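Heads up, upload-v6.txt below (compact mmCIF, C-alpha atoms):
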# COMPACT_ATOMS: atom_id res chain seq x y z
CA MET B 16 20.78 101.41 -26.73
CA ASN B 17 18.06 98.80 -26.47
CA LEU B 18 14.35 99.36 -26.72
CA GLU B 19 13.72 99.20 -22.96
CA ALA B 20 16.26 101.96 -22.41
CA ILE B 21 14.71 104.08 -25.17
CA LYS B 22 11.28 103.48 -23.67
CA SER B 23 12.29 104.65 -20.21
CA GLU B 24 14.14 107.60 -21.75
CA ILE B 25 10.96 108.66 -23.58
CA GLU B 26 8.84 108.17 -20.47
CA ALA B 27 11.18 110.44 -18.52
CA ASN B 28 11.04 113.18 -21.16
CA VAL B 29 7.51 113.05 -22.56
CA PRO B 30 5.06 113.17 -19.67
CA GLY B 31 1.76 111.38 -20.06
CA CYS B 32 2.62 109.21 -23.06
CA ARG B 33 1.59 105.57 -23.06
CA LEU B 34 4.19 103.24 -24.52
CA GLU B 35 4.13 99.52 -24.99
CA ILE B 36 6.77 97.17 -26.33
CA ILE B 37 5.33 94.75 -28.89
CA PRO B 38 7.55 91.68 -28.79
CA ASN B 39 8.63 89.95 -31.98
CA THR B 40 8.94 86.23 -31.35
CA SER B 41 10.68 85.45 -34.64
CA PRO B 42 14.48 84.89 -34.72
CA SER B 43 15.03 88.49 -35.83
CA ALA B 44 13.66 89.65 -32.45
CA GLN B 45 12.95 93.11 -33.77
CA HIS B 46 10.67 94.38 -31.06
CA SER B 47 8.69 97.48 -31.72
CA LEU B 48 7.38 100.37 -29.72
CA LEU B 49 3.67 101.15 -29.72
CA VAL B 50 2.90 104.82 -29.13
CA ASP B 51 -0.50 106.32 -28.38
CA SER B 52 -1.49 108.60 -31.24
CA ALA B 53 -2.11 111.63 -29.00
CA HIS B 54 1.53 111.80 -27.93
CA ALA B 55 3.07 110.23 -31.04
CA PHE B 56 4.28 113.49 -32.57
CA THR B 57 5.96 114.63 -29.33
CA VAL B 58 7.53 111.20 -28.85
CA ALA B 59 8.77 111.17 -32.46
CA SER B 60 10.28 114.65 -32.20
CA PHE B 61 12.01 113.57 -29.01
CA LEU B 62 13.36 110.48 -30.80
CA ARG B 63 14.71 112.69 -33.56
CA ASP B 64 16.11 115.54 -31.48
CA GLY B 65 16.76 113.99 -28.06
CA ALA B 66 20.46 114.02 -27.23
CA SER B 67 20.76 110.30 -26.52
CA VAL B 68 18.76 108.74 -29.37
CA ARG B 69 18.93 111.09 -32.40
CA LEU B 70 17.03 108.96 -34.91
CA ASP B 71 17.63 111.25 -37.84
CA TYR B 72 16.58 108.93 -40.67
CA CYS B 73 13.19 107.37 -41.40
CA SER B 74 13.77 104.60 -43.90
CA ASN B 75 10.36 103.02 -44.19
CA VAL B 76 6.70 103.72 -43.47
CA THR B 77 4.09 101.07 -43.97
CA GLY B 78 0.58 100.20 -42.93
CA ILE B 79 -0.98 97.06 -41.50
CA ASP B 80 -4.65 96.17 -41.48
CA TRP B 81 -5.86 94.23 -38.46
CA PRO B 82 -9.48 93.26 -39.03
CA LEU B 83 -11.63 92.38 -36.04
CA LYS B 84 -10.94 88.76 -35.20
CA GLU B 85 -12.40 86.49 -32.58
CA ILE B 86 -9.96 84.02 -31.04
CA SER B 87 -11.36 81.16 -29.00
CA THR B 88 -8.98 79.33 -26.73
CA LYS B 89 -9.75 76.04 -25.01
CA THR B 90 -8.78 75.65 -21.38
CA LYS B 91 -9.32 72.68 -19.10
CA VAL B 92 -11.23 73.66 -16.00
CA LYS B 93 -12.06 71.41 -13.05
CA LYS B 94 -15.80 71.44 -12.48
CA LEU B 95 -18.34 69.52 -10.48
CA VAL B 96 -20.49 67.49 -12.86
CA ASP B 97 -23.17 65.39 -11.12
CA GLY B 98 -21.25 65.56 -7.89
CA VAL B 99 -18.04 64.26 -9.46
CA GLU B 100 -15.09 66.50 -10.18
CA LYS B 101 -14.21 66.38 -13.87
CA ASP B 102 -11.98 68.18 -16.38
CA VAL B 103 -14.23 70.22 -18.62
CA ASP B 104 -13.18 72.18 -21.70
CA GLU B 105 -14.07 75.79 -21.40
CA ILE B 106 -13.93 78.05 -24.45
CA VAL B 107 -12.81 81.59 -23.80
CA LYS B 108 -13.45 84.04 -26.60
CA THR B 109 -11.31 87.13 -26.98
CA GLN B 110 -11.43 89.78 -29.65
CA THR B 111 -8.32 91.24 -31.23
CA GLY B 112 -7.71 93.67 -34.05
CA GLY B 113 -10.20 96.11 -35.44
CA TYR B 114 -7.67 98.84 -36.14
CA LEU B 115 -5.13 100.03 -38.68
CA GLU B 116 -1.48 100.41 -37.86
CA ALA B 117 1.25 102.65 -39.23
CA VAL B 118 4.79 101.35 -38.78
CA TYR B 119 7.92 103.50 -39.01
CA HIS B 120 11.48 102.19 -39.24
CA LEU B 121 13.85 104.75 -37.79
CA TYR B 122 17.64 104.80 -37.88
CA SER B 123 20.32 107.02 -36.47
CA MET B 124 22.98 107.96 -39.03
CA GLU B 125 24.84 109.92 -36.41
CA GLN B 126 25.10 107.10 -33.88
CA ARG B 127 25.02 104.33 -36.45
CA GLN B 128 22.23 102.38 -34.87
CA GLY B 129 18.76 101.18 -35.58
CA PRO B 130 16.23 100.31 -36.57
CA VAL B 131 13.85 101.50 -33.90
CA ILE B 132 10.40 100.44 -34.97
CA LEU B 133 7.58 102.78 -34.06
CA ARG B 134 3.93 101.77 -34.30
CA MET B 135 0.76 103.83 -34.11
CA ARG B 136 -2.78 102.49 -34.04
CA THR B 137 -6.02 104.04 -35.19
CA GLU B 138 -9.09 103.66 -33.03
CA ASP B 139 -11.04 101.62 -35.56
CA ARG B 140 -11.09 100.76 -39.27
CA THR B 141 -13.98 102.94 -40.46
CA ASP B 142 -14.34 106.48 -39.12
CA ARG B 143 -11.68 107.13 -36.55
CA VAL B 144 -8.68 106.41 -38.76
CA HIS B 145 -6.69 109.54 -37.97
CA LEU B 146 -3.02 109.44 -36.98
CA PRO B 147 -0.54 112.30 -36.67
CA SER B 148 1.71 112.70 -39.69
CA LEU B 149 5.43 112.43 -39.04
CA THR B 150 6.33 114.05 -42.37
CA PRO B 151 7.11 117.41 -40.68
CA LEU B 152 9.85 115.51 -38.79
CA TRP B 153 11.14 113.19 -41.52
CA ARG B 154 10.64 114.37 -45.10
CA SER B 155 11.20 110.82 -46.36
CA ALA B 156 7.84 109.84 -44.87
CA ASP B 157 5.97 112.06 -47.35
CA PHE B 158 5.27 109.65 -50.22
CA GLN B 159 5.15 106.60 -47.97
CA GLU B 160 2.44 108.12 -45.80
CA ARG B 161 0.54 109.00 -48.97
CA GLU B 162 0.86 105.37 -50.02
CA ALA B 163 -0.45 104.17 -46.65
CA PHE B 164 -3.32 106.65 -46.99
CA ASP B 165 -4.04 105.38 -50.50
CA LEU B 166 -3.86 101.66 -49.87
CA PHE B 167 -5.02 101.39 -46.22
CA GLY B 168 -7.09 104.53 -45.68
CA ILE B 169 -5.13 105.90 -42.74
CA ILE B 170 -5.60 109.69 -42.62
CA PHE B 171 -2.41 111.42 -41.53
CA ASP B 172 -3.24 114.73 -39.87
CA GLY B 173 -0.67 117.42 -40.56
CA HIS B 174 0.58 115.88 -43.80
CA PRO B 175 1.48 118.68 -46.27
CA ASP B 176 -0.03 117.01 -49.35
CA LEU B 177 -2.22 114.03 -48.55
CA ARG B 178 -3.45 112.75 -51.92
CA ARG B 179 -3.72 109.27 -53.37
CA LEU B 180 -0.42 108.08 -54.77
CA LEU B 181 -0.98 104.88 -56.76
CA MET B 182 -4.71 104.91 -57.40
CA TRP B 183 -6.58 107.76 -59.06
CA GLU B 184 -8.59 110.56 -57.51
CA GLY B 185 -12.17 109.37 -57.22
CA PHE B 186 -11.24 105.76 -56.39
CA VAL B 187 -13.10 104.91 -53.21
CA ASP B 188 -11.59 101.62 -51.95
CA HIS B 189 -8.36 100.85 -50.15
CA PRO B 190 -6.84 97.90 -52.01
CA MET B 191 -4.45 96.61 -49.33
CA ARG B 192 -7.16 96.17 -46.72
CA ARG B 193 -7.98 92.57 -45.94
CA ASP B 194 -11.64 92.97 -46.83
CA TYR B 195 -11.00 94.62 -50.20
CA VAL B 196 -12.90 92.92 -53.02
CA ASP B 197 -11.46 93.64 -56.45
CA PRO B 198 -13.84 94.36 -59.34
CA ASP B 199 -15.38 91.37 -61.11
CA ASP B 200 -13.27 91.31 -64.28
CA TYR B 201 -12.72 87.58 -64.42
CA GLU B 202 -14.30 87.07 -67.85
CA TYR B 203 -11.13 85.68 -69.44
CA GLU B 204 -8.95 83.43 -67.28
CA PRO B 205 -7.35 80.81 -69.53
CA THR B 206 -5.17 79.28 -66.79
CA ALA B 207 -7.39 79.76 -63.77
CA HIS B 208 -6.74 77.93 -60.51
CA ASP B 209 -7.60 78.23 -56.81
CA GLU B 210 -9.08 81.60 -55.89
CA VAL B 211 -9.01 82.86 -59.49
CA LEU B 212 -10.84 79.74 -60.69
CA LYS B 213 -13.51 80.31 -58.04
CA ARG B 214 -13.96 83.92 -59.11
CA ALA B 215 -13.99 82.97 -62.81
CA LYS B 216 -16.71 80.37 -62.21
CA GLU B 217 -18.75 82.85 -60.21
CA HIS B 218 -18.39 85.33 -63.05
CA GLN B 219 -19.53 82.76 -65.62
CA ALA B 220 -22.51 81.80 -63.47
CA ALA B 221 -23.46 85.47 -63.17
CA GLU B 222 -23.13 85.95 -66.93
CA GLY B 223 -25.43 83.02 -67.58
CA GLY B 224 -22.96 80.18 -68.01
CA LEU B 225 -20.86 79.07 -70.92
CA MET T 17 2.30 90.92 -113.41
CA ASP T 18 4.08 87.64 -113.75
CA GLU T 19 6.86 87.26 -111.14
CA GLN T 20 9.23 85.67 -113.64
CA LEU T 21 8.77 88.46 -116.15
CA LYS T 22 9.31 90.98 -113.39
CA SER T 23 12.65 89.53 -112.33
CA GLU T 24 13.65 89.17 -115.99
CA LEU T 25 12.93 92.86 -116.56
CA ARG T 26 14.77 93.78 -113.36
CA ARG T 27 17.89 92.04 -114.67
CA GLN T 28 17.63 94.24 -117.76
CA GLY T 29 17.48 97.36 -115.63
CA VAL T 30 13.73 97.90 -115.86
CA VAL T 31 11.86 98.08 -112.59
CA ALA T 32 8.23 97.16 -112.88
CA THR T 33 5.98 97.38 -109.87
CA SER T 34 2.40 97.99 -108.83
CA LEU T 35 1.09 100.88 -106.78
CA GLN T 36 0.13 98.46 -104.02
CA GLU T 37 3.64 97.06 -103.79
CA LEU T 38 5.19 100.51 -103.75
CA TYR T 39 2.73 101.76 -101.15
CA ASN T 40 3.22 98.75 -98.88
CA TRP T 41 6.98 98.91 -99.29
CA GLY T 42 6.93 102.54 -98.26
CA ARG T 43 4.76 101.86 -95.21
CA LYS T 44 6.65 98.83 -93.97
CA SER T 45 10.13 100.30 -94.45
CA SER T 46 9.67 103.40 -92.34
CA LEU T 47 7.84 102.38 -89.19
CA TRP T 48 8.33 105.22 -86.74
CA PRO T 49 7.66 104.06 -83.21
CA LEU T 50 6.29 106.29 -80.49
CA ASN T 51 8.97 107.01 -77.92
CA PHE T 52 7.59 105.78 -74.61
CA GLY T 53 8.08 102.86 -72.25
CA LEU T 54 6.01 101.69 -69.33
CA ALA T 55 8.19 99.22 -67.43
CA CYS T 56 11.16 96.87 -67.71
CA CYS T 57 10.22 95.83 -71.28
CA ALA T 58 11.20 99.36 -72.29
CA ILE T 59 14.79 98.57 -71.31
CA GLU T 60 14.80 95.71 -73.82
CA MET T 61 13.20 98.02 -76.38
CA ILE T 62 15.99 100.55 -75.81
CA ALA T 63 18.58 97.79 -76.14
CA THR T 64 16.99 96.80 -79.45
CA THR T 65 17.57 100.26 -80.86
CA MET T 66 21.20 100.40 -79.71
CA ALA T 67 24.23 99.38 -81.75
CA ARG T 68 24.33 95.72 -80.73
CA TYR T 69 20.87 94.82 -82.10
CA ASP T 70 20.47 97.87 -84.32
CA LEU T 71 16.80 98.21 -85.14
CA ALA T 72 17.80 100.87 -87.72
CA ARG T 73 18.52 98.03 -90.13
CA PHE T 74 14.76 97.60 -90.53
CA GLY T 75 13.89 101.27 -90.95
CA ALA T 76 12.39 101.68 -87.52
CA GLU T 77 15.01 103.64 -85.67
CA VAL T 78 13.28 107.03 -85.64
CA PHE T 79 11.60 107.01 -82.22
CA ARG T 80 9.31 110.03 -82.22
CA PRO T 81 8.51 111.93 -79.04
CA SER T 82 5.17 113.09 -80.46
CA PRO T 83 2.23 110.81 -81.36
CA ARG T 84 1.52 113.05 -84.37
CA GLN T 85 4.71 111.87 -86.04
CA ALA T 86 4.59 108.22 -85.05
CA ASP T 87 2.84 105.31 -86.72
CA LEU T 88 3.81 102.43 -84.46
CA MET T 89 3.01 102.09 -80.77
CA ILE T 90 5.13 99.60 -78.86
CA VAL T 91 3.29 98.99 -75.59
CA ALA T 92 6.40 98.00 -73.66
CA GLY T 93 5.48 97.06 -70.12
CA THR T 94 2.76 96.89 -67.50
CA VAL T 95 -0.26 99.05 -68.29
CA THR T 96 -1.70 100.15 -64.99
CA LYS T 97 -5.32 101.17 -64.81
CA LYS T 98 -4.15 104.66 -63.94
CA MET T 99 -2.05 104.78 -67.14
CA ALA T 100 -4.49 103.06 -69.54
CA PRO T 101 -6.52 106.18 -70.50
CA GLN T 102 -3.33 108.02 -71.41
CA VAL T 103 -2.10 105.11 -73.56
CA VAL T 104 -5.42 104.98 -75.43
CA ARG T 105 -5.42 108.75 -75.84
CA LEU T 106 -1.90 108.66 -77.30
CA TYR T 107 -3.04 105.96 -79.71
CA ASN T 108 -6.00 108.10 -80.75
CA GLN T 109 -3.67 111.02 -81.40
CA MET T 110 -1.51 109.01 -83.80
CA PRO T 111 -2.34 109.52 -87.49
CA GLU T 112 -3.38 106.59 -89.67
CA PRO T 113 -1.95 104.20 -90.74
CA LYS T 114 -0.99 103.08 -87.25
CA TYR T 115 0.04 99.80 -85.71
CA VAL T 116 0.45 98.35 -82.22
CA ILE T 117 2.96 95.85 -80.91
CA SER T 118 1.99 94.48 -77.50
CA MET T 119 5.36 93.69 -75.92
CA GLY T 120 5.68 91.29 -73.01
CA ALA T 121 3.38 89.34 -70.73
CA CYS T 122 2.02 92.42 -68.95
CA ALA T 123 0.91 94.28 -72.06
CA ILE T 124 -0.71 91.08 -73.37
CA SER T 125 -2.60 89.96 -70.28
CA GLY T 126 -1.40 91.73 -67.15
CA GLY T 127 1.33 89.09 -66.73
CA PRO T 128 2.46 88.35 -63.18
CA PHE T 129 0.38 91.30 -61.97
CA LYS T 130 -2.84 90.09 -63.60
CA GLN T 131 -4.68 89.73 -60.29
CA GLY T 132 -3.32 93.00 -58.96
CA TYR T 133 -5.64 95.82 -58.01
CA ASN T 134 -4.26 98.38 -60.44
CA VAL T 135 -3.15 96.41 -63.53
CA LEU T 136 -5.04 96.28 -66.80
CA LYS T 137 -5.53 92.71 -68.05
CA GLY T 138 -4.09 93.42 -71.49
CA ILE T 139 -4.00 96.57 -73.63
CA ASP T 140 -5.99 94.75 -76.34
CA ARG T 141 -9.11 95.45 -74.28
CA TYR T 142 -9.02 99.03 -75.54
CA ILE T 143 -6.97 99.23 -78.74
CA PRO T 144 -6.48 96.77 -81.63
CA VAL T 145 -3.12 94.97 -81.40
CA ASP T 146 -1.28 93.80 -84.53
CA VAL T 147 1.55 91.71 -83.06
CA TYR T 148 1.90 90.15 -79.61
CA ILE T 149 5.34 89.20 -78.24
CA PRO T 150 5.32 86.94 -75.19
CA GLY T 151 8.21 87.02 -72.74
CA CYS T 152 9.05 88.60 -69.43
CA PRO T 153 10.68 90.65 -70.82
CA PRO T 154 11.05 89.51 -74.46
CA ARG T 155 14.61 89.58 -75.74
CA PRO T 156 15.61 92.16 -78.38
CA GLU T 157 15.59 89.37 -80.97
CA ALA T 158 11.92 88.79 -80.17
CA LEU T 159 11.15 92.47 -80.72
CA ILE T 160 13.01 92.40 -84.03
CA ASP T 161 11.00 89.30 -84.93
CA ALA T 162 7.83 91.22 -84.12
CA PHE T 163 8.98 94.03 -86.43
CA LEU T 164 9.61 91.59 -89.26
CA MET T 165 6.23 90.00 -88.62
CA LEU T 166 4.54 93.40 -88.74
CA GLN T 167 6.38 94.28 -91.95
CA LYS T 168 5.23 91.01 -93.48
CA LYS T 169 1.68 91.74 -92.36
CA ILE T 170 1.79 95.19 -93.97
CA ASP T 171 3.33 93.78 -97.15
CA GLU T 172 0.50 91.29 -97.57
CA GLN T 173 -2.29 93.84 -97.30
CA TYR T 174 -4.54 94.65 -100.28
CA LEU T 175 -5.37 98.28 -100.82
CA THR T 176 -8.83 97.56 -102.17
CA GLY T 177 -11.52 95.03 -101.40
CA PRO T 178 -13.09 93.96 -98.12
CA THR T 179 -9.77 93.05 -96.45
CA ARG T 180 -8.22 96.48 -96.99
CA PRO T 181 -6.54 98.07 -93.97
CA ARG T 182 -8.48 100.22 -91.56
CA HIS T 183 -7.14 103.55 -92.74
CA LEU T 184 -8.46 102.94 -96.25
CA ASN T 185 -11.90 101.97 -95.00
CA ALA T 186 -14.03 104.96 -94.05
CA ASP T 187 -16.45 102.76 -92.10
CA MET T 188 -13.79 101.55 -89.68
CA PRO T 189 -13.00 103.64 -86.58
CA SER T 190 -9.64 105.28 -86.15
CA GLU T 191 -10.37 106.55 -82.66
CA PHE T 192 -11.23 104.34 -79.74
CA ILE T 193 -13.04 104.88 -76.46
CA VAL T 194 -10.80 106.41 -73.80
CA PRO T 195 -11.77 104.77 -70.49
CA GLU T 196 -12.60 106.98 -67.55
CA PHE T 197 -11.69 106.56 -63.90
CA GLY T 198 -14.61 105.05 -62.01
CA GLU T 199 -15.09 104.52 -58.30
CA HIS T 200 -13.87 100.92 -58.36
CA ASP T 201 -12.53 100.30 -61.87
CA LEU T 202 -12.13 101.86 -65.29
CA VAL T 203 -15.38 102.69 -67.09
CA PRO T 204 -15.90 100.87 -69.41
CA THR T 205 -13.71 97.92 -68.44
CA GLN T 206 -13.22 96.98 -72.09
CA ASN T 207 -14.10 98.14 -75.59
CA ARG T 208 -16.43 95.45 -76.94
CA ASP T 209 -15.80 96.56 -80.53
CA VAL T 210 -12.12 95.76 -80.17
CA TRP T 211 -12.05 92.86 -77.74
CA GLN T 212 -14.50 90.01 -77.29
CA VAL T 213 -14.13 87.50 -74.50
CA PRO T 214 -12.41 84.44 -75.98
CA LEU T 215 -14.28 81.25 -75.25
CA VAL T 216 -12.47 79.22 -72.62
CA ASN T 217 -13.92 76.15 -70.96
CA ILE T 218 -12.84 76.22 -67.33
CA SER T 219 -15.29 73.63 -66.07
CA ASN T 220 -12.58 70.95 -65.89
CA ALA T 221 -9.86 73.18 -64.54
CA GLY T 222 -8.39 72.22 -61.19
CA LYS T 223 -9.77 68.66 -61.29
CA ASN T 224 -6.45 66.98 -62.02
CA GLU T 225 -4.75 68.29 -58.95
CA SER T 226 -4.75 64.97 -57.05
CA GLY T 227 -1.88 63.82 -59.23
CA SER T 228 -3.82 60.90 -60.74
CA ASP T 229 -2.61 61.69 -64.24
Please go through the file and, once you have read it, give me the structure as structure tokens.
Amino acid sequence: MNLEAIKSEIEANVPGCRLEIIPNTSPSAQHSLLVDSAHAFTVASFLRDGASVRLDYCSNVTGIDWPLKEISTKTKVKKLVDGVEKDVDEIVKTQTGGYLEAVYHLYSMEQRQGPVILRMRTEDRTDRVHLPSLTPLWRSADFQEREAFDLFGIIFDGHPDLRRLLMWEGFVDHPMRRDYVDPDDYEYEPTAHDEVLKRAKEHQAAEGGL
Amino acid sequence: MDEQLKSELRRQGVVATSLQELYNWGRKSSLWPLNFGLACCAIEMIATTMARYDLARFGAEVFRPSPRQADLMIVAGTVTKKMAPQVVRLYNQMPEPKYVISMGACAISGGPFKQGYNVLKGIDRYIPVDVYIPGCPPRPEALIDAFLMLQKKIDEQYLTGPTRPRHLNADMPSEFIVPEFGEHDLVPTQNRDVWQVPLVNISNAGKNESGSD
């Protein structure tokens, strides 16, 4: 069963859900299914219990951070310049990102197929970072959702025990976010290079130089 | 006492020794390590105690599950920032005299995870280390070498005078600061009494990268 068929199956059974196939252009061609977070739990329970799909095993949960990014593309546009038609470069700016993503890899043990890759997006990266937890459906998502909460700051509503997993209670940052800055403990870097060398030099300058 | 006279007497069946020698011999011949491992180095540590490498030959086979009965801490593996307070607390709970072997690249400096967000850049930032073993992980032979080195170090100690070991010097600390979990990092990030920043000149680093040498 390919992803298009699964998508139309879901659309027929879960009214009102918005689905989108995110293509993967790499040779693996593992396309994924983006689900809106409002209907994600219903869609996921259909994927698990629906007679035709029966994805009974969640092997992997991970998070992705997409910071806000401005992409400018150059396009040649014909324009009248001083009465003469000329090719002029026009720069079109588009914004992408600005959200966090949770990715689930689902398999069917019963039908021996998969993976079906499910994605959910938060509304932004600061306050509205809530997504429905799929742990009530797949118990294997428990620790992995806690890890995504810990390292990316995605809050999974409905998770039975949402605590930090790798970092301690009281730690405020989310280390796997792109804009995470690690603490300035670069006082001793005997073989520094590249980024570490830059940080070590900054540290030395802040300490008053060697 | 003269070494020659001592061996001469020993041949005659008379054992002459000093209190210092006896004391050091007793300490070095029954090092009881604390039974814990933090990462893959622990597997090598376990292998060292097994029949093939047989650490028991050096009197160090009694791995104790309680810090109260141990006098050697083998920091075998990556010390995460989340684990560091517990490691220091265990060290504080060990009775004097106590020693530390820092086993492997991670325990020395953080190793391949040095720039990670949750890895301590060396356990020597919080507790005094006696012997460092490099390697990722070090082979059992290297751990045995570290044991022999530690035994030699104990054997050479004077019980009196300014160089006497810490447990015989009332002015020296036997407990060390246990770091606390802060909002971004451990607080404090290092114990300045134990670890000072080694002087490293990095001003020329990265300048030879054009391949001109």
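Here the question is which of B:Gln110, B:Gln219, B:Ser74, B:Ser148 gets nearest to chain T using all atoms listed in the file, and that residue is B:Gln219.
Going from CA of Gln85 in chain T over to CA of Thr176 in chain T, you cover 25.5 Å.
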* Asked: Near range 183-189 of chain B, within 8 Å and counting only C-alpha atoms, which residues show up once chain neighbours fewer than 2 positions away are dropped, as a list in words?
  -> Asp165, Leu166, Phe167, Gly168, Arg178, Arg179, Leu180, Leu181, Met191, Arg192 and Tyr195 of chain B; Lys98, Phe197, Gly198, Glu199, His200 and Asp201 of chain T
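Minimum atom-to-atom distances from T:Gln206, T:Asn108, T:Gln102, T:Ser23 to chain B were compared using all atoms listed in the file, and the lowest value belongs to T:Gln206.
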* Asked: Which residues come within 7 Å of Thr109 in chain B, counting all atoms listed in the file, excluding same-chain residues fewer than 6 positions away, as a PyMOL selection string?
  -> chain B and resi 85-87
* May I have the residues within 6 Å of Ser123 in chain B as number ranges by chain, using all atoms listed in the file and disregarding those fewer than 4 positions away in the same chain? => B: 69-72, 127-128
* To do: Would you list the contacts of Thr88 in chain B as a VMD selection string, taking every protein, DNA or RNA residue within 9 Å and counting all atoms listed in the file, but skipping same-chain residues closer than 4 positions in sequence?
  => chain B and resid 105 to 109
* Please provide the set of residues having any atom within 7 Å of Leu88 in chain T, restricted to only C-alpha atoms, with same-chain residues fewer than 4 positions apart removed, written as an MDAnalysis selection string. => chainID T and resid 47:50 114:116
Atoms kept (C-alpha atoms) for selection, written as a PDB file, keeping the file's coordinate frame:
ATOM      1  CA  LEU T  47       7.840 102.380 -89.190  1.00  0.00           C
ATOM      2  CA  TRP T  48       8.330 105.220 -86.740  1.00  0.00           C
ATOM      3  CA  PRO T  49       7.660 104.060 -83.210  1.00  0.00           C
ATOM      4  CA  LEU T  50       6.290 106.290 -80.490  1.00  0.00           C
ATOM      5  CA  LYS T 114      -0.990 103.080 -87.250  1.00  0.00           C
ATOM      6  CA  TYR T 115       0.040  99.800 -85.710  1.00  0.00           C
ATOM      7  CA  VAL T 116       0.450  98.350 -82.220  1.00  0.00           C
TER       8      VAL T 116
END
Which centre and which edge lengths, in Å to one decimal, describe the axis-aligned box that holds all listed atoms of range 148-164 of chain B after 4 Å is added on each side, as AutoDock Vina command-line options?
--center_x 3.9 --center_y 110.8 --center_z -44.5 --size_x 22.5 --size_y 21.2 --size_z 19.4
* To do: Kindly give the distance, in Å, that separates CA of Met17 in chain T and CA of Glu172 in chain T, rounded to a single decimal.
  => 15.9 Å
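Interatomic distance, CA of Cys56 in chain T against CA of Ala72 in chain T: 21.5 Å.
Proximity of T:Pro144, T:Pro156, T:Pro181, T:Pro101 to chain B, computed with all atoms listed in the file, is greatest for T:Pro101.
For the set B:Leu146, B:Val103, B:Ala220, B:Val76, the residue with the smallest atom-to-atom gap to chain T is B:Ala220, counting all atoms listed in the file.
Shortest separation to Leu54 in chain T among T:Ser34, T:Gln109, T:Thr205, T:Thr96 occurs at residue T:Thr96, atoms counted being only C-alpha atoms.
Between chain B and the candidates T:Leu175, T:Leu136, T:Ile193, T:Leu159, the tightest atom-to-atom separation, counting all atoms listed in the file, involves T:Leu136.
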